[in-house]
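Colleague: Dumping the structure here so I can ask a few things about it.
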Amino acid sequence: MTSTMAPLLPSHAESVASRAWWAMRNSLVLARRGVVRIIREPSQLLDVTIQPLIFVLLFVYVFGSAIHVPGGGNYHEYLIGGMFGMALVGTAQGTAVGVSTDMATGLTDRFRSLPIARSAVLTGRVIADLLTEVVAILVLVLTGLAVGWRIHNGPGDALVAFGLCLLIAFAMTWVGACAGMMVKNPEAAAAVGFIFFLPLVFVSNTFVPTQGMPHWLQVAANWNPVSAVASACRNLFGNPNPSADISAWPMQHPELATVLWSIGLIAIFAPLAVHLYRRKTLR
Amino acid sequence: MGSPALAFRTLYGIVQRMTTVLRTSVAPFRSGDLAIEAHGLEKSFGQTRALVGVDLAVPTGTVLCVLGPNGSGKTTTVRVLTTLLRPDRGSARVAGYDVVTQATQVRREIGLAGQSAALDESLTGLGNLVMIGQLNRLPRREAQHRARELLSRFDLADAADRGVKTYSGGMRRRLDLAASLVVNPPVLFLDEPTTGLDPRSRLALWDIIRTLVADGTTVLLTTQYLEEADLLADRIVVIDRGAVIAQGTSDELKSQVGGDRIQVTVASGSDLTVAGATLAHHAEGPVHLDDERRTVDAFAPDGSLAIPAIAAAMSAAGVVMDDLGMVRPSLDDVFLTLTGHSVEPVADQSELARLA
């Protein structure tokens, strides 16, 4: 019985294909862990469900009445595109806290002492967090529909919008993974996440059009990736998008800007995350 | 007749089984070899020198206890041997593989239970073990089977489907140990496995470790508890400030301290100092007086042969004895003699600096 229990690990060097296959399988096992956790502890989803919900209600019914959308248009419809931008920053926060929790509890050490690909632990985490983002998008769509937001441009454009959201969310989870490994504990990760969350979300066109901001702040807001995502969503959903009148390049090409931001973030932070993860061993 | 698919699966199963048998029989190291060996391991973190030259040799199928106070380098040693840290200098082989250049092979041969229970709090006990099994490439069904088997062995079957966050400290430790055993690793590393456990859980854990060793597992266990090292270890390595300062069997270490002591328990009403003075005539070195336990003890070069003479001398001096006999020195005595400080946790350097 014991001999059949032994895992079928090759005793010799594996082929690249086999290694890649098992790296993927291991990533999925670890991603599954994230999904099971979400099912068992829905409270972990508060960041991406209740929090955006509260923001929507707050801005639609409290602040929204005082916010004028340049060029006309319904603020309810304006807001939801921004909420999609905000959700992705929330995902990165979740990743940072999750990664640093695994470091603090020693779970990461256990994974590192197993014969699995180094990349599997991070990839699994990122896949699970991407699924969290899908839940967040669903919640936002339903909330939006309830407060009067509509998709005017047809399903094709809407799917592109959701795709862009997932792409930049994927990029942001790598940023979160790096942050999670650089801080000392989960509390610090949450604090750091919050510090980045505020300026990223508020110095953008998420909640208010940037036209009313001081000039220097407008520059920052217009080049903020969150603004690009929000504008791209507004364009693709056919919602009011006053940023289209702004000459800053990302506001003229928000879809392309979102893609470039994503590629840039992934190119920097994915290798950095793997490097940080490895360095923990070599220290 | 069975379908071709069925025939293929049967054949595949046979081949897999043969591969496993082959793999086991051509294992890279045979019993009698060293399962763990380290030469001159050094490791620094910034200015702190955690290891200053650690040598270890653990024969296959034996238990080595690494004994030392907090901050002595126990955990760093374990982390180097389990491929979690790369040594600055020196080399180590585990199960015949080099921990730096053949880390992946080492990881296939080891189980590790660290100081903190390395578990996913929000998964169930079963979920944690199945995950580890699957990461070790067990098919899901087999991983589940193996997980159930381990849970019942560790007395956790009833809690299998409960979230780990509801587990007590003892349950977490047992689950953590179970997690390190999912693939029957030939070499097991346990870093202070009983720290913070209640006495009952500690006994249960010792039992499990003994069973594993009886089945041929090699165990390296770190501890601050002398009793634990005394009970479990084939050999003990005493480590202090990043270096091995003594090693041997429990008996060998104890005799390093100077052999057996004669101990007299003095009845209440008799004078402890008189008993001490009387004992001094028949012993070597200083006499140790313990007011609390009302005992006097000292090294006796003649061993048990001195007992009749001491008994006569005590009664001549008017000392009434409750007990007279030989005591072997405890490992605490060993540690005190070797390091000049007790095995009790000592404040680390930075703390001392802060207090000064």
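FYI, nothing fancy with the structure tokens labels: chains A, B, ... in order, residues from 1 per chain, ligands from 1 as they appear.
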List as a ChimeraX atom specification the protein and nucleic acid residues near B:Val80, meaning an atom at most 9 Å away when only C-alpha atoms are counted, but skip any in the same chain fewer than 2 places from it.
Modeller: /B:41,43,75-78,82-87,92,99-100
Colleague: I need the chain B residues near chain A as a PyMOL selection string; criterion: at most 9 Å, counting only C-alpha atoms.
Modeller: chain B and resi 16-17+19-21+23-24+27+45+82-87+103-108+110-120+122-123+127-128+131-139+142-143+146+163+180+183-184
Colleague: Stretch 151-227 of chain A near stretch 69-81 of chain A within 7 Å: what's each residue's closest atom pair and its distance in Å to one decimal, counting only C-alpha atoms, ordered by chain then ascending residue number, as a tab-separated table?
Modeller:
```
residue	atom	partner	partner_atom	distance
A:Thr206	CA	A:Leu79	CA	6.8
A:Phe207	CA	A:Leu79	CA	6.0
A:Pro209	CA	A:Val69	CA	6.7
```
Colleague: Give the answer as one residue: which of A:Met83, A:Ile246, A:Ala267, A:Ala190 has the shortest atom-to-atom distance to A:Leu138, using only C-alpha atoms?
Modeller: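 For A:Leu138, the nearest of the candidates is A:Met83.
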Colleague: List the spatial neighbours of A:Leu159 as JSON, numbers by chain - criterion: any atom at most 12 Å away, only C-alpha atoms, same-chain residues fewer than 5 positions off excluded.
Modeller: {"A": [137, 151, 153, 154, 164, 165, 166, 232, 233, 236, 237]}
Colleague: For the residues selected in the previous step, produce a file with N, CA and C atoms as an mmCIF file, in the first residue's frame.
Modeller:
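again30.cif was written with the following content:
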```
data_model
loop_
_atom_site.group_PDB
_atom_site.id
_atom_site.type_symbol
_atom_site.label_atom_id
_atom_site.label_comp_id
_atom_site.auth_asym_id
_atom_site.auth_seq_id
_atom_site.Cartn_x
_atom_site.Cartn_y
_atom_site.Cartn_z
ATOM 1 N N ILE A 137 -16.796 42.299 -10.982
ATOM 2 C CA ILE A 137 -17.432 42.862 -12.168
ATOM 3 C C ILE A 137 -18.923 42.525 -12.180
ATOM 4 N N ILE A 151 -25.955 49.571 -20.672
ATOM 5 C CA ILE A 151 -24.974 49.400 -21.744
ATOM 6 C C ILE A 151 -25.667 49.799 -23.037
ATOM 7 N N ASN A 153 -23.962 50.276 -26.143
ATOM 8 C CA ASN A 153 -23.233 50.002 -27.383
ATOM 9 C C ASN A 153 -23.232 48.557 -27.852
ATOM 10 N N GLY A 154 -24.036 47.724 -27.244
ATOM 11 C CA GLY A 154 -24.061 46.335 -27.719
ATOM 12 C C GLY A 154 -23.083 45.454 -26.977
ATOM 13 N N LEU A 164 -10.798 44.335 -20.921
ATOM 14 C CA LEU A 164 -9.786 45.325 -20.529
ATOM 15 C C LEU A 164 -9.666 45.388 -19.005
ATOM 16 N N CYS A 165 -10.833 45.328 -18.331
ATOM 17 C CA CYS A 165 -10.813 45.361 -16.855
ATOM 18 C C CYS A 165 -10.010 44.183 -16.312
ATOM 19 N N LEU A 166 -10.249 42.990 -16.880
ATOM 20 C CA LEU A 166 -9.547 41.804 -16.384
ATOM 21 C C LEU A 166 -8.059 41.894 -16.697
ATOM 22 N N ALA A 232 -12.169 54.139 -20.834
ATOM 23 C CA ALA A 232 -12.356 53.066 -21.808
ATOM 24 C C ALA A 232 -13.719 52.412 -21.592
ATOM 25 N N CYS A 233 -14.054 52.135 -20.338
ATOM 26 C CA CYS A 233 -15.337 51.510 -20.036
ATOM 27 C C CYS A 233 -16.491 52.410 -20.474
ATOM 28 N N LEU A 236 -16.832 52.348 -24.227
ATOM 29 C CA LEU A 236 -17.303 51.081 -24.778
ATOM 30 C C LEU A 236 -18.747 50.783 -24.366
ATOM 31 N N PHE A 237 -19.155 51.250 -23.185
ATOM 32 C CA PHE A 237 -20.538 51.040 -22.753
ATOM 33 C C PHE A 237 -21.477 52.076 -23.374
#
```
Colleague: Please provide as a ChimeraX atom specification all residues within 10 Å of B:Val257, with the sequence filter that same-chain residues fewer than 5 positions apart are discarded (counting only C-alpha atoms).
Modeller: /B:252,299,328-331,333-338
Colleague: Do you know which residues are at most 12 Å from stretch 279-292 of chain B counting only C-alpha atoms, after dropping those on the same chain fewer than 2 positions away, and could you put them as a PyMOL selection string?
Modeller: chain B and resi 258-268+271-277+294-315+317+319+324
Colleague: Which residues come within 12 Å of A:Gln93, counting only C-alpha atoms, excluding same-chain residues fewer than 6 positions away, as number ranges by chain?
Modeller: A: 44-45, 47-48, 86-87, 99-100, 129, 132-133, 169, 172-180, 186-198
Colleague: Write out as JSON, numbers by chain the residues lying within 12 Å of B:Asp158, counting only C-alpha atoms and excluding same-chain residues fewer than 5 positions away.
Modeller: {"B": [124, 125, 126, 148, 151, 152, 153, 163, 167, 171]}
Colleague: Measuring between only C-alpha atoms, which one of A:Met24, A:Ile263, A:Ala146, A:Met181 shows the shortest distance to A:Thr95?
Modeller: A:Met181
Colleague: Using only C-alpha atoms, find the one residue out of B:Leu150, B:Ala243, B:Leu67, B:Leu212 that sits nearest to B:His39.
Modeller: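 Using only C-alpha atoms, B:His39 sits closest to B:Ala243.
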